[in-house]
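Novice: Dropping a structure here in structure tokens format, bear with me for questions.
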Amino acid sequence: MAGRLTAQIQDAEENKRLWEFRTISDAIRFRNITCPGTPPRECPIYLAGECWRGILGNQECFQLIDALREVPLRIVSVSSKQQNDYRDGDIIVATPTLEVGVDDPQIKSTIHYLPPRTVFSFIQKRGRAGRGSGEIAYTLMILDTTPSSQFYFFRRNRLINGSYELPLNPQNQVVRGMHNLIQRERERMGECFQNAPRNNAILGIWRWVWETLHQCHILRHYYDRQLAELNSSPRSAQDQARVRHILRDWIQREKELLGNYLSLEQLLEQIQEESPQELHDTVQDVINAVNSFLSHQGVSADDVRRQLGRLDSELGQLYYSDEANQELLEQITGIQRTVRDTWQSLRRQQAWQIELHHVECLYDFFRALERLCEPRILNTAPDVLKIVLQAMFYLHLGLNESDTPEGHQSQIEEYSYYIPDAYFQTVKPIIIEARYLLGSRYNFDLYQENLTELSTTFIPYKTVYRYRPNPDSQPNPNISYLTVLSLEHRPDWVSDDRETVTIRLRSEGVTRGGIQFPKKVHVKFLESDSQGQQIVAFCPRCYAIHNIRHNRCNCYEELQRVKLYAQPIVERSYEALVEPRPITRSLSIIDQMRGSTIVRGSSVEARRVFWDAEVRYYRYIANVHPYSFDALYNTPVQYGIPTKGITWNLASVVEQILPDNNLRQQVEQVVIDGTHKELNEGLVLHTASHLLHRAIAAISGVNEQELEYSYNEATPDNPPEVVVWERYEGGAGVSEVFENTLRTNPVAVYQELLGSILCPIDLAESSTWTSVEQLRAELAQRWCLPEDNELIIRVVEEAEAERQVQIQQQEQGEEERMMCQPPQGHDGCPACIHTTYCTERDNQNLSVSRMVGEAILRCFVQQVSREEQEALINQAIMQGFQQPQILGADLAQGLYDVLIL
């Protein structure tokens, strides 16, 4: 992301020099109007935002301005991979590398692209600016139309001025497990120090390395001779050099050998993906023959050579056919080269005795262990400890119980923790492997991601700017590289109605009961447009996606340029491992639970675009329906995490809402896809899930994408309930922050629940109020809050501002916006109840959600007498609940408005 933004800003500054069109008098032109030579308040160009001279020049903006810069800004990119000096630039494009530790008064402002993961991250980032005495830190956050951005847009005042309790869970079992692993190995290394001659630290470090490698049964099985050769403690500088030489040769030799096989596997995948469709059977015969040969299933090297020769011959025939155009000729030439590389790679494997499913984990092991060979690393105990334990993590990642002999099963769990390089990395990650050509061979980069990214970031057909090819592969600097899941699919996997395509995820892991539990997934890079629009080439026949420069699919279909939109198709469930601990009458905390998510695929929309040469930008093709389909895994993906969460018992709410005939009639008036909505238990629980999900995020200060939710309808044994859990293994303290707020300030929770249904745009479109005073009084009375309540004031102010915009549009003859009254679907309202990755986003109109949400919250505010209030307090004390909160009172009547969450 940082590299792409840097390239685009540099292009705008240095090549296109776009700033000239708003700062250089002779270059300023807007709607055929040139500089009129008037003060800014009278200048139509300045008022339209197309001239910036008035910012510095004030009333004399059309005269010479000494302070106006007329040369390009210097752009510098800073990330973990680009260690540039930020002081060399006027604009710094940075990753979280600069989030902390920079105290430079020269930094005047920060620009944030999309919402932060937590408020605390935002505070750290914006704190880089305004470090000089008395200076103001100017902050700009750029949002999009996703629910996560809308969430922060509506709570922007609290984001800047609010106070939050830092979520922290010192009892996190996952983190404690990682710490226990480190502590145990440190103690074992200490014993090696004590047993070393003259307590020599270097000898102790080396002894610990050897013992750790030797106790692994897989390494002993394949490399017993090499381990025996390494079993000698270096006693002098010459000995140390000799041992390092042996270690380096062993690592490099095995890494190359294992890499050859992985290149072979990738070459076969490349042949399969790029070969024309009529050669599919021949290609499949080649792949089957190679796999049978490598697994010693009665196929000889001559058999494989004949199959490869047959494929090469058929490619040659196709090369000289009448159908061969220039692109096909280049494709065939490339495939023939790949076929020959495959044979050369295969010849190197003939005497190999390593089981195929161990190849990747052994390659990853040696790749991580290679860092031991760097100068002086073996002299530094903390670095050695981290490198070896990371290598053991990668090795055991590819093993399963059948690979582990009796008495060694505990090793898989012991090494399931990743020892991170930085504090913010997850300790039980999903491994992402990116493969790409490096010279004539494939390179394999490994990344660690949170397991839950399998349902958000790494879903079928979702294109993201996540990674970038290694600079050693010399990627084209003028090309944007998208990251997408590596998938296998064929034309015959597309359904007859074109609404579904079956796909296979390229991954490693365990499959049980028709569900796969991946430990590593493969991604690939796609070349996209340089404008950052994420445009790709799409096949309308087989639904394959290609680099943007490709024009024809291997099924002979002409490719089309599209912008892809993908939303996950997920099913969530949960299991409470301990009895929930009550907080209020209906809300409880689950201190130990397991949240599970099944990812079945994604709902995809491919919108066609064309290249507008005049503006040098891709535009959507008008009046053309997008390609809409569901991409479904042939074997669904599942993950589960131990965590904490909040459960909401809604038995009394469901009992009160379902008999409400007035609400039922309002809901049934809404039609989605030709079907009238129905007020039922599932609709109530789904709406309540969104309310609780957003409230917990707002109270704890985390992005709503860091939470997941699910709900269960009532059964004979269990009440209807909603559960929201943290997407942090072991829990990060978010649930405890919410619990503490419920106990100390339940009105704050009530306000956040209310904030999801009080939509200022919806109110602006209502004709029931004529003044802000009237609206403020009505809202305060309806929700039992004072008129000077912060939420009431903010909602009313935004409703009035939106109404003024609508009035201005009507006066200027512009098309009226009716964003809160769409016929169906997500309306883009910045205050709506919609959440990121909603499980039923296509089946619930937002106006329905608001109606039902209001009904849910009305159930928690009751008007009671003094005696009834005292009875409620006594009941709460006896049952250990938080006492009801008085929102208002009519002392003359002896009645109280009581919040009973």
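Chain labels run A, B, ... following the order of the structure tokens; each chain numbers its residues from 1, and ligands are numbered from 1 in the order shown.
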Could you pull the residues within 12 Å of Ile55 in chain A, counting only C-alpha atoms, minus those fewer than 2 positions along the same chain, as a PyMOL selection string?

Specialist: chain A and resi 22-23+39-41+46-47+49-53+57-62+65+67-68

Novice: Could the residues in this selection be saved with N, CA and C atoms as a JSON list (two decimals), in the first residue's frame?

Specialist:
```json
[["chain", "number", "residue", "atom", "x", "y", "z"],
["A", 22, "ARG", "N", -3.89, 24.23, -9.97],
["A", 22, "ARG", "CA", -4.59, 24.90, -8.88],
["A", 22, "ARG", "C", -3.73, 26.00, -8.22],
["A", 23, "THR", "N", -2.48, 26.11, -8.65],
["A", 23, "THR", "CA", -1.60, 27.09, -8.00],
["A", 23, "THR", "C", -0.96, 28.07, -8.97],
["A", 39, "PRO", "N", -11.12, 38.77, -5.48],
["A", 39, "PRO", "CA", -10.86, 38.13, -4.19],
["A", 39, "PRO", "C", -11.49, 36.73, -4.15],
["A", 40, "PRO", "N", -11.00, 35.86, -3.28],
["A", 40, "PRO", "CA", -11.48, 34.47, -3.25],
["A", 40, "PRO", "C", -13.00, 34.36, -3.09],
["A", 41, "ARG", "N", -13.60, 35.20, -2.25],
["A", 41, "ARG", "CA", -15.04, 35.05, -1.99],
["A", 41, "ARG", "C", -15.89, 35.35, -3.23],
["A", 46, "TYR", "N", -12.22, 29.45, -7.19],
["A", 46, "TYR", "CA", -11.82, 29.20, -5.80],
["A", 46, "TYR", "C", -12.96, 28.56, -5.02],
["A", 47, "LEU", "N", -14.18, 29.06, -5.19],
["A", 47, "LEU", "CA", -15.33, 28.54, -4.45],
["A", 47, "LEU", "C", -15.63, 27.10, -4.84],
["A", 49, "GLY", "N", -13.30, 24.97, -5.34],
["A", 49, "GLY", "CA", -12.19, 24.17, -4.83],
["A", 49, "GLY", "C", -11.12, 23.89, -5.86],
["A", 50, "GLU", "N", -11.18, 24.57, -7.02],
["A", 50, "GLU", "CA", -10.24, 24.29, -8.10],
["A", 50, "GLU", "C", -9.06, 25.27, -8.13],
["A", 51, "CYS", "N", -8.97, 26.15, -7.16],
["A", 51, "CYS", "CA", -7.84, 27.07, -7.04],
["A", 51, "CYS", "C", -7.46, 27.17, -5.57],
["A", 52, "TRP", "N", -6.17, 27.05, -5.29],
["A", 52, "TRP", "CA", -5.70, 27.07, -3.91],
["A", 52, "TRP", "C", -4.97, 28.38, -3.55],
["A", 53, "ARG", "N", -4.88, 29.29, -4.47],
["A", 53, "ARG", "CA", -4.09, 30.50, -4.23],
["A", 53, "ARG", "C", -4.69, 31.37, -3.12],
["A", 57, "GLY", "N", -2.83, 33.65, -0.42],
["A", 57, "GLY", "CA", -2.81, 35.00, -0.94],
["A", 57, "GLY", "C", -3.90, 35.90, -0.41],
["A", 58, "ASN", "N", -4.91, 35.31, 0.28],
["A", 58, "ASN", "CA", -6.02, 36.09, 0.81],
["A", 58, "ASN", "C", -6.66, 36.93, -0.29],
["A", 59, "GLN", "N", -6.90, 38.22, -0.03],
["A", 59, "GLN", "CA", -7.62, 39.06, -0.98],
["A", 59, "GLN", "C", -6.81, 39.34, -2.25],
["A", 60, "GLU", "N", -5.49, 39.25, -2.16],
["A", 60, "GLU", "CA", -4.64, 39.53, -3.32],
["A", 60, "GLU", "C", -4.12, 38.23, -3.94],
["A", 61, "CYS", "N", -4.95, 37.22, -3.97],
["A", 61, "CYS", "CA", -4.51, 35.89, -4.42],
["A", 61, "CYS", "C", -4.08, 35.90, -5.89],
["A", 62, "PHE", "N", -4.54, 36.86, -6.68],
["A", 62, "PHE", "CA", -4.19, 36.90, -8.10],
["A", 62, "PHE", "C", -2.86, 37.62, -8.35],
["A", 65, "ILE", "N", 2.62, 35.65, -5.01],
["A", 65, "ILE", "CA", 2.56, 35.15, -3.64],
["A", 65, "ILE", "C", 3.91, 34.56, -3.29],
["A", 67, "ALA", "N", 4.98, 33.11, -0.59],
["A", 67, "ALA", "CA", 4.98, 31.86, 0.17],
["A", 67, "ALA", "C", 4.52, 30.66, -0.65],
["A", 68, "LEU", "N", 4.08, 30.90, -1.88],
["A", 68, "LEU", "CA", 3.54, 29.80, -2.68],
["A", 68, "LEU", "C", 4.67, 29.01, -3.32]]
```

Novice: Do you have the CA of Leu526 in chain A-CA of Ser149 in chain A distance handy?

Specialist: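 Computed distance, CA of Leu526 in chain A to CA of Ser149 in chain A, equals 26.6 Å.
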
Novice: Counting only C-alpha atoms, figure out which residue out of A:Ile646, A:Ala777, A:Ile583, A:Val637 gets nearest to Ile900 in chain A.

Specialist: A:Ile583

Novice: So which one's closest to Arg310 in chain A, A:Tyr574, A:Phe293, A:Gly509, A:Asp281? Using only C-alpha atoms, please.

Specialist: A:Asp281

Novice: Which residues are near Tyr223 in chain A? Cut-off 12 Å, only C-alpha atoms, ignore same chain within fewer than 6 positions. Put them as a PyMOL selection string.

Specialist: chain A and resi 213-217+229-230+250-251+254+353-354+362

Novice: Extract, using only C-alpha atoms, all DNA, RNA and protein residues at most 10 Å from Val747 in chain A, discarding same-chain residues fewer than 6 positions from it, and format them as a count of residues only.

Specialist: 8

Novice: Please report the interatomic distance between CA of Pro568 in chain A and CA of Ile535 in chain A in Å with one decimal.

Specialist: 19.9 Å

Novice: What separation in Å, quoted to one decimal, exists between CA of Gln879 in chain A and CA of Ile589 in chain A?

Specialist: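 Rounded to one decimal, the two atoms are 15.3 Å apart.
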
Novice: Near range 648-661 of chain A, within 6 Å and counting only C-alpha atoms, which residues show up once chain neighbours fewer than 3 positions away are dropped, as a PyMOL selection string?

Specialist: chain A and resi 586-587+664+719-722

Novice: Those residues with all heavy atoms, as a PDB file, in the first residue's frame please?

Specialist:
```
ATOM      1  N   SER A 586     -29.973  -8.945  31.478  1.00  0.00           N
ATOM      2  CA  SER A 586     -29.968  -9.650  30.186  1.00  0.00           C
ATOM      3  C   SER A 586     -28.578  -9.860  29.596  1.00  0.00           C
ATOM      4  O   SER A 586     -28.412 -10.668  28.678  1.00  0.00           O
ATOM      5  CB  SER A 586     -30.820  -8.875  29.172  1.00  0.00           C
ATOM      6  OG  SER A 586     -30.269  -7.586  28.941  1.00  0.00           O
ATOM      7  N   LEU A 587     -27.568  -9.140  30.079  1.00  0.00           N
ATOM      8  CA  LEU A 587     -26.230  -9.199  29.498  1.00  0.00           C
ATOM      9  C   LEU A 587     -25.266  -9.924  30.425  1.00  0.00           C
ATOM     10  O   LEU A 587     -25.243  -9.674  31.638  1.00  0.00           O
ATOM     11  CB  LEU A 587     -25.709  -7.787  29.212  1.00  0.00           C
ATOM     12  CG  LEU A 587     -26.382  -7.058  28.047  1.00  0.00           C
ATOM     13  CD1 LEU A 587     -26.262  -5.556  28.200  1.00  0.00           C
ATOM     14  CD2 LEU A 587     -25.794  -7.505  26.717  1.00  0.00           C
ATOM     15  N   ARG A 664     -45.559  -5.142  13.040  1.00  0.00           N
ATOM     16  CA  ARG A 664     -45.640  -6.209  12.029  1.00  0.00           C
ATOM     17  C   ARG A 664     -46.110  -5.650  10.690  1.00  0.00           C
ATOM     18  O   ARG A 664     -45.568  -5.984   9.633  1.00  0.00           O
ATOM     19  CB  ARG A 664     -46.576  -7.312  12.526  1.00  0.00           C
ATOM     20  CG  ARG A 664     -46.686  -8.511  11.582  1.00  0.00           C
ATOM     21  CD  ARG A 664     -47.576  -9.583  12.179  1.00  0.00           C
ATOM     22  NE  ARG A 664     -47.038 -10.053  13.448  1.00  0.00           N
ATOM     23  CZ  ARG A 664     -46.073 -10.974  13.550  1.00  0.00           C
ATOM     24  NH1 ARG A 664     -45.572 -11.508  12.451  1.00  0.00           N
ATOM     25  NH2 ARG A 664     -45.650 -11.351  14.729  1.00  0.00           N
ATOM     26  N   PRO A 719     -32.704 -19.989  25.868  1.00  0.00           N
ATOM     27  CA  PRO A 719     -33.474 -18.823  25.437  1.00  0.00           C
ATOM     28  C   PRO A 719     -32.901 -18.252  24.140  1.00  0.00           C
ATOM     29  O   PRO A 719     -31.775 -18.578  23.751  1.00  0.00           O
ATOM     30  CB  PRO A 719     -33.275 -17.840  26.597  1.00  0.00           C
ATOM     31  CG  PRO A 719     -31.909 -18.181  27.123  1.00  0.00           C
ATOM     32  CD  PRO A 719     -31.779 -19.668  26.972  1.00  0.00           C
ATOM     33  N   PRO A 720     -33.642 -17.388  23.468  1.00  0.00           N
ATOM     34  CA  PRO A 720     -33.071 -16.706  22.299  1.00  0.00           C
ATOM     35  C   PRO A 720     -31.974 -15.757  22.776  1.00  0.00           C
ATOM     36  O   PRO A 720     -32.179 -14.981  23.723  1.00  0.00           O
ATOM     37  CB  PRO A 720     -34.261 -15.941  21.714  1.00  0.00           C
ATOM     38  CG  PRO A 720     -35.194 -15.741  22.869  1.00  0.00           C
ATOM     39  CD  PRO A 720     -35.031 -16.950  23.739  1.00  0.00           C
ATOM     40  N   GLU A 721     -30.825 -15.800  22.127  1.00  0.00           N
ATOM     41  CA  GLU A 721     -29.715 -14.978  22.595  1.00  0.00           C
ATOM     42  C   GLU A 721     -28.806 -14.573  21.441  1.00  0.00           C
ATOM     43  O   GLU A 721     -28.773 -15.208  20.389  1.00  0.00           O
ATOM     44  CB  GLU A 721     -28.902 -15.709  23.664  1.00  0.00           C
ATOM     45  CG  GLU A 721     -28.188 -16.945  23.173  1.00  0.00           C
ATOM     46  CD  GLU A 721     -27.369 -17.627  24.261  1.00  0.00           C
ATOM     47  OE1 GLU A 721     -27.376 -17.137  25.407  1.00  0.00           O
ATOM     48  OE2 GLU A 721     -26.717 -18.640  23.952  1.00  0.00           O
ATOM     49  N   VAL A 722     -28.079 -13.500  21.699  1.00  0.00           N
ATOM     50  CA  VAL A 722     -27.079 -12.962  20.789  1.00  0.00           C
ATOM     51  C   VAL A 722     -25.733 -13.028  21.483  1.00  0.00           C
ATOM     52  O   VAL A 722     -25.647 -12.792  22.691  1.00  0.00           O
ATOM     53  CB  VAL A 722     -27.412 -11.500  20.430  1.00  0.00           C
ATOM     54  CG1 VAL A 722     -26.226 -10.794  19.798  1.00  0.00           C
ATOM     55  CG2 VAL A 722     -28.618 -11.440  19.512  1.00  0.00           C
TER      56      VAL A 722
END
```

Novice: So which one's closest to Ile699 in chain A, A:Asp11, A:Glu187, A:Glu787, A:Glu739? Using only C-alpha atoms, please.

Specialist: A:Glu739

Novice: Among range 555-781 of chain A, which residues carry a DSSP assignment of strand (DSSP E), reported as number ranges by chain?

Specialist: A: 560-576, 581-582, 587-612, 617-620, 627-649, 671-672, 675-676, 707-712, 721-726

Novice: Excluding Leu258 in chain A and residues on its chain fewer than 6 positions from it, collect all residues at most 9 Å away from it, counting only C-alpha atoms, and give them as JSON, numbers by chain.

Specialist: {"A": [359, 360, 362, 363]}
